[in-house]
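Engineer: Have a look at the structure that comes next, please.
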Number of protein chains: 2
Amino acid sequence: MLHAEIPRGTRILLPPLAAKKRRLEERLLAVFFRWGFQEVVTPTLEYLEGLTRGLGAPYAEHLLKLEERRTGRLLALRPDLTTQVARLAATLLKEQPRPLRFCYVASVFRYHDSATRNLVERHQAGVELIGLESPEADAEMVAMAVECMQEVGLPSFRLAVGQPEFFRSLLSEAGLGEAERQQIQAALQKKDASALEALVARASLRPRDREALLQLPALFGKAEVLERAAALVQSRAAHAALENLRQVYEMLKTYGLEDHVLIDLSDIRGFDYYTGITFEGFTPALGYRICSGGRYDHLLGCYGRSDPATGFAIDVDAVLEALENVQPLAVRTGADCLLMDFRPDKREALRISRELRRRGHRIARDIISRDLQGSLDYARQSGIRFGLLMGLPPLGDDQAVLYDVQRGTHIQVAMAEVVERVDAAIRHACGEESAPPHR
Amino acid sequence: MLHAEIPRGTRILLPPLAAKKRRLEERLLAVFFRWGFQEVVTPTLEYLEGLTRGLGAPYAEHLLKLEERRTGRLLALRPDLTTQVARLAATLLKEQPRPLRFCYVASVFRYHDSATRNLVERHQAGVELIGLESPEADAEMVAMAVECMQEVGLPSFRLAVGQPEFFRSLLSEAGLGEAERQQIQAALQKKDASALEALVARASLRPRDREALLQLPALFGKAEVLERAAALVQSRAAHAALENLRQVYEMLKTYGLEDHVLIDLSDIRGFDYYTGITFEGFTPALGYRICSGGRYDHLLGCYGRSDPATGFAIDVDAVLEALENVQPLAVRTGADCLLMDFRPDKREALRISRELRRRGHRIARDIISRDLQGSLDYARQSGIRFGLLMGLPPLGDDQAVLYDVQRGTHIQVAMAEVVERVDAAIRHACGEESAPPHR
């Protein structure tokens, strides 16, 4: 069925997965709000030139582009919110007192990589903290990311914290040419040890720089990594990067988070706008990262007002997938009760539906013409727990029948008590399933 | 500032407007859920051919299109969710028992019209009810739309309910050619009475058909409209359309909704997929419609499984704008309290922040280096109500100062009681501002 096909890299979320996504986003936003962040909403489309000003021109390759009909100018779908929020802070909000704390939940769009050329739409929830340069701000980001993972119930995860300035200084110390740099960077990004060895062997390097580059992929672990790294480099810039990382790590220990944090100096990543502490989140439940973030002190300057800044984004789809693997979120999505009235006068059915909805329950009316068994089958197949039957002979107008559709039991209920009885039955079922009652 | 420009027809929502949007969407979803609808999430991008199959080829003019890099096929940004959900129901979910009740909150994208050629991104919240053909299903849609408007607190609104089959039968009775039909339809869509008169005068029509077409724009009002309309037409199809509308109107009276409902036979609208009862919502607080919906019994058939269906979408941006004009939603978006600790050891500040956040409060840390007055100014300008100061001489380690920043008052608080005191102060302030405390 060609017309049923959706673009590769995009998804349809059916119930109950869509409900889990909403619940996940609500929990993440609740964390963001508690840390004093305020939500902003940005356009899905931007002028290409506005995005590449911050992302760098080469990133345009990853953007989904189209022409604006009115002007003929190139538009692109946003690949992240960081660039949009940074631009907003540097332009429209340039006079606002700092720090700014913003958060968002939104879709982002990219061509995944030049090999597969797949477009990818993903749902992100993230924060940006603008106007603070101290390591405390970096630590706040990592601490919030940890709280997010705990809040959504992910049982096991690690945040790998790095400092790309260390790698940049190391390359600069080594005095490599641009081509060699790029090749070595590519080998490191792919974690391709044999390519790295070959490149390093071929390059004209002092022994200690060669050793440092070969050691780089191993600079991953607990605090001792900082000492190992310090022994490999000489430049002031490299030691400053390590000192910065040490300060943030100390602060994370103050937060009591060392169990969740690893130091990772081997990570050489995507967006070129990162300038300081970066981090990525992983869980054994998933083979790719669930969140990432870092400091981007030069990005706002691209839009006319320099400001230090840091932030992170959680890959909602990734966390959802990880949770499904280990600890699915509890949600109830279908109707609580299907209300069937076989009489032509529907006033009583409407009144009872309204009363039950007013109490927060999810009541669907069975409007279709079918017999009782058909209605009960529909309820069972649709995951509806209860069925309330009225107006079918030999029941009088003062009696109804309440079916527990999933258990296959039923009881007769006086119409005068029907709202109370259904209300109680639904509440009891919520408790049994340890799912929260609806708002 | 060219790089600060966003495409015309798109918006940035800053706090507190973004928070109001979220609150609005939560309330709308709560209504949808109570009526037994389940959320689905669909891709922002689709293959063009998949969308136009349901929307009709001419609609492609309104779509934002781009080429998929991997395949070279044309993609389009979704202009609505109805088409996507209908396709989903007819393909992936074709075996699921009916009715299906789905809802969504999402962005949609269109070129507004061929004159201005502005692209428009809007936020919609809507429902689709698939598999029911009875007037009760149409009435359910209108009743839900009314409940949505009441739930978000819109003080005054009307839903205009129409039946496009009436107009189609009327045109068919009149025996007009295709060109004349289209011109008359265009004049009616623009509510251009003089153009309509000229077209009707020029066409070769029986006097009664001429009279009927001229009367069409006046077929707007309460139940008596049905009688006036019935006197104008003869065909069985036209009378069937009126009878269908009468049944739905009767049912809406049973719901007690006649005060919110008008009958509108003059409305000739956009999407060609509507086949039965349609409706649009208006409020005096805004000059354009806030919601629209209707029956689309042929749409699923375009995707391979025939099914009657109906639904509606609320224009979230429009309702937000209307509410801002008359009855703004109450939200609190900024931090509740700014926590300032002037000591180098931040452990106490972290502990108190954590405790207060655990109670659901929004606590921002003031990490920037500035004096007390600078911090208090920042809090005031950022709309933060309270400031908690610790560790500034001559305060001892066992004393803190709680500032009510907006009132310019302060009290001294023992550290042992600080969490309780700040908690109580924030709760009291929530009550004063009649805004809900945070979750």
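To be explicit about the labels: the chains of the structure tokens are called A, B, and onward in the order shown, and within each one the residues are counted from 1, while ligands get numbers from 1 in the order they are shown.
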I'd like the neighbourhood of region 232-240 of chain B as a list in words, where a residue qualifies if any of its atoms comes within 8 Å (using only C-alpha atoms), though same-chain residues fewer than 5 positions away should be ignored.
Structural biologist: Glu165, Phe166, Phe167, Ser169, Leu170, Glu173, Arg208, Asp209, Glu211 and Ala212 of chain B
Engineer: Can those selected residues be exported to a file as a CSV table (one decimal), in the first residue's frame so that it contains N, CA and C atoms?
Structural biologist:
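Printed below is out-v3.csv as written:
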```csv
chain,number,residue,atom,x,y,z
B,165,GLU,N,-24.5,19.3,1.8
B,165,GLU,CA,-25.3,18.6,0.8
B,165,GLU,C,-26.5,19.4,0.4
B,166,PHE,N,-26.9,20.3,1.2
B,166,PHE,CA,-28.1,21.1,0.9
B,166,PHE,C,-27.7,22.0,-0.3
B,167,PHE,N,-26.5,22.7,-0.2
B,167,PHE,CA,-26.1,23.5,-1.3
B,167,PHE,C,-25.8,22.7,-2.5
B,169,SER,N,-27.2,20.0,-3.5
B,169,SER,CA,-28.4,19.6,-4.1
B,169,SER,C,-29.1,20.7,-4.8
B,170,LEU,N,-29.0,21.9,-4.2
B,170,LEU,CA,-29.5,23.1,-4.7
B,170,LEU,C,-28.9,23.4,-6.1
B,173,GLU,N,-30.2,20.8,-8.6
B,173,GLU,CA,-31.5,21.1,-9.0
B,173,GLU,C,-31.6,22.2,-10.0
B,208,ARG,N,-37.7,29.8,-9.4
B,208,ARG,CA,-37.6,29.3,-8.0
B,208,ARG,C,-36.1,29.0,-7.6
B,209,ASP,N,-35.3,28.5,-8.6
B,209,ASP,CA,-34.0,28.2,-8.3
B,209,ASP,C,-33.2,29.5,-8.1
B,211,GLU,N,-34.4,32.3,-7.0
B,211,GLU,CA,-34.8,32.8,-5.6
B,211,GLU,C,-34.0,32.0,-4.5
B,212,ALA,N,-33.9,30.7,-4.7
B,212,ALA,CA,-33.3,29.8,-3.7
B,212,ALA,C,-31.8,30.2,-3.6
```
Engineer: Using only C-alpha atoms, what table do you get, as a Markdown table, when you list each residue of chain B with an atom no more than 6 Å from chain A, its nearest pair of atoms, and their distance in Å rounded to one decimal, rows by chain then rising number?
Structural biologist:
```
| residue | atom | partner | partner_atom | distance |
| --- | --- | --- | --- | --- |
| B:His3 | CA | A:Gly50 | CA | 4.8 |
| B:Ile6 | CA | A:Glu46 | CA | 5.9 |
| B:Thr10 | CA | A:Pro43 | CA | 5.8 |
| B:Arg11 | CA | A:Pro43 | CA | 5.8 |
| B:Ile12 | CA | A:Thr42 | CA | 4.7 |
| B:Leu13 | CA | A:Val41 | CA | 4.8 |
| B:Leu14 | CA | A:Val40 | CA | 5.0 |
| B:Ala18 | CA | A:Val40 | CA | 5.4 |
| B:Phe33 | CA | A:Arg362 | CA | 5.9 |
| B:Arg34 | CA | A:Arg362 | CA | 3.9 |
| B:Trp35 | CA | A:Ile363 | CA | 5.2 |
| B:Gly36 | CA | A:Ala335 | CA | 4.4 |
| B:Gln38 | CA | A:Thr333 | CA | 5.8 |
| B:Glu39 | CA | A:Ala18 | CA | 6.0 |
| B:Val40 | CA | A:Leu14 | CA | 5.0 |
| B:Val41 | CA | A:Leu13 | CA | 4.8 |
| B:Thr42 | CA | A:Ile12 | CA | 4.7 |
| B:Pro43 | CA | A:Thr10 | CA | 5.8 |
| B:Glu46 | CA | A:Ile6 | CA | 5.9 |
| B:Gly50 | CA | A:His3 | CA | 4.8 |
| B:Leu66 | CA | A:Leu66 | CA | 5.4 |
| B:Arg70 | CA | A:Arg117 | CA | 5.3 |
| B:Arg117 | CA | A:Arg70 | CA | 5.2 |
| B:Thr333 | CA | A:Gln38 | CA | 5.9 |
| B:Ala335 | CA | A:Gly36 | CA | 4.4 |
| B:Arg357 | CA | A:Arg34 | CA | 5.5 |
| B:His361 | CA | A:Arg34 | CA | 5.7 |
| B:Arg362 | CA | A:Arg34 | CA | 3.9 |
| B:Ile363 | CA | A:Trp35 | CA | 5.2 |
| B:Ala364 | CA | A:Gly36 | CA | 4.7 |
```
Engineer: Just C-alpha atoms for this one: save the residues we selected as a PDB file, in the first residue's frame.
Structural biologist:
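Result went into again-v8.pdb, see below:
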```pdb
ATOM      1  CA  HIS B   3      18.966  37.162  11.091  1.00  0.00           C
ATOM      2  CA  ILE B   6      11.090  34.612  11.240  1.00  0.00           C
ATOM      3  CA  THR B  10       4.898  31.785  12.032  1.00  0.00           C
ATOM      4  CA  ARG B  11       5.208  32.812  15.674  1.00  0.00           C
ATOM      5  CA  ILE B  12       7.438  32.731  18.700  1.00  0.00           C
ATOM      6  CA  LEU B  13       5.536  32.275  21.961  1.00  0.00           C
ATOM      7  CA  LEU B  14       7.438  33.666  24.920  1.00  0.00           C
ATOM      8  CA  ALA B  18       3.722  29.588  25.871  1.00  0.00           C
ATOM      9  CA  PHE B  33     -10.027  12.014  27.063  1.00  0.00           C
ATOM     10  CA  ARG B  34     -13.240  12.259  29.088  1.00  0.00           C
ATOM     11  CA  TRP B  35     -15.212  11.557  25.929  1.00  0.00           C
ATOM     12  CA  GLY B  36     -13.151   8.413  25.385  1.00  0.00           C
ATOM     13  CA  GLN B  38      -7.117   8.470  22.619  1.00  0.00           C
ATOM     14  CA  GLU B  39      -4.152  10.501  21.478  1.00  0.00           C
ATOM     15  CA  VAL B  40      -2.142   9.646  18.378  1.00  0.00           C
ATOM     16  CA  VAL B  41       1.046  11.292  17.100  1.00  0.00           C
ATOM     17  CA  THR B  42       1.630  11.521  13.351  1.00  0.00           C
ATOM     18  CA  PRO B  43       4.653  12.649  11.313  1.00  0.00           C
ATOM     19  CA  GLU B  46       4.281  13.010   4.490  1.00  0.00           C
ATOM     20  CA  GLY B  50      -0.342  10.298   0.216  1.00  0.00           C
ATOM     21  CA  LEU B  66      10.157  19.675  -0.547  1.00  0.00           C
ATOM     22  CA  ARG B  70      17.086   9.767  -0.416  1.00  0.00           C
ATOM     23  CA  ARG B 117       1.049  33.388  -0.507  1.00  0.00           C
ATOM     24  CA  THR B 333       5.661  30.707  34.732  1.00  0.00           C
ATOM     25  CA  ALA B 335      10.583  30.718  39.343  1.00  0.00           C
ATOM     26  CA  ARG B 357      11.618  21.408  44.453  1.00  0.00           C
ATOM     27  CA  HIS B 361       8.082  24.675  43.911  1.00  0.00           C
ATOM     28  CA  ARG B 362      10.108  26.349  41.195  1.00  0.00           C
ATOM     29  CA  ILE B 363      13.482  27.270  42.542  1.00  0.00           C
ATOM     30  CA  ALA B 364      16.148  29.047  40.497  1.00  0.00           C
TER      31      ALA B 364
END
```
Engineer: Quick one: DSSP strand (DSSP E) residues in region 222-387 of chain B, as a ChimeraX atom specification?
Structural biologist: /B:261-264,278-282,291-295,309-315,337-341,363-365,386-387
Engineer: If you run DSSP on this backbone, which residues of region 143-325 of chain A come out as alpha helix (DSSP H), and could you give them as an MDAnalysis selection string?
Structural biologist: chainID A and resid 143:151 164:174 178:189 193:202 207:215 224:230 236:254 316:325
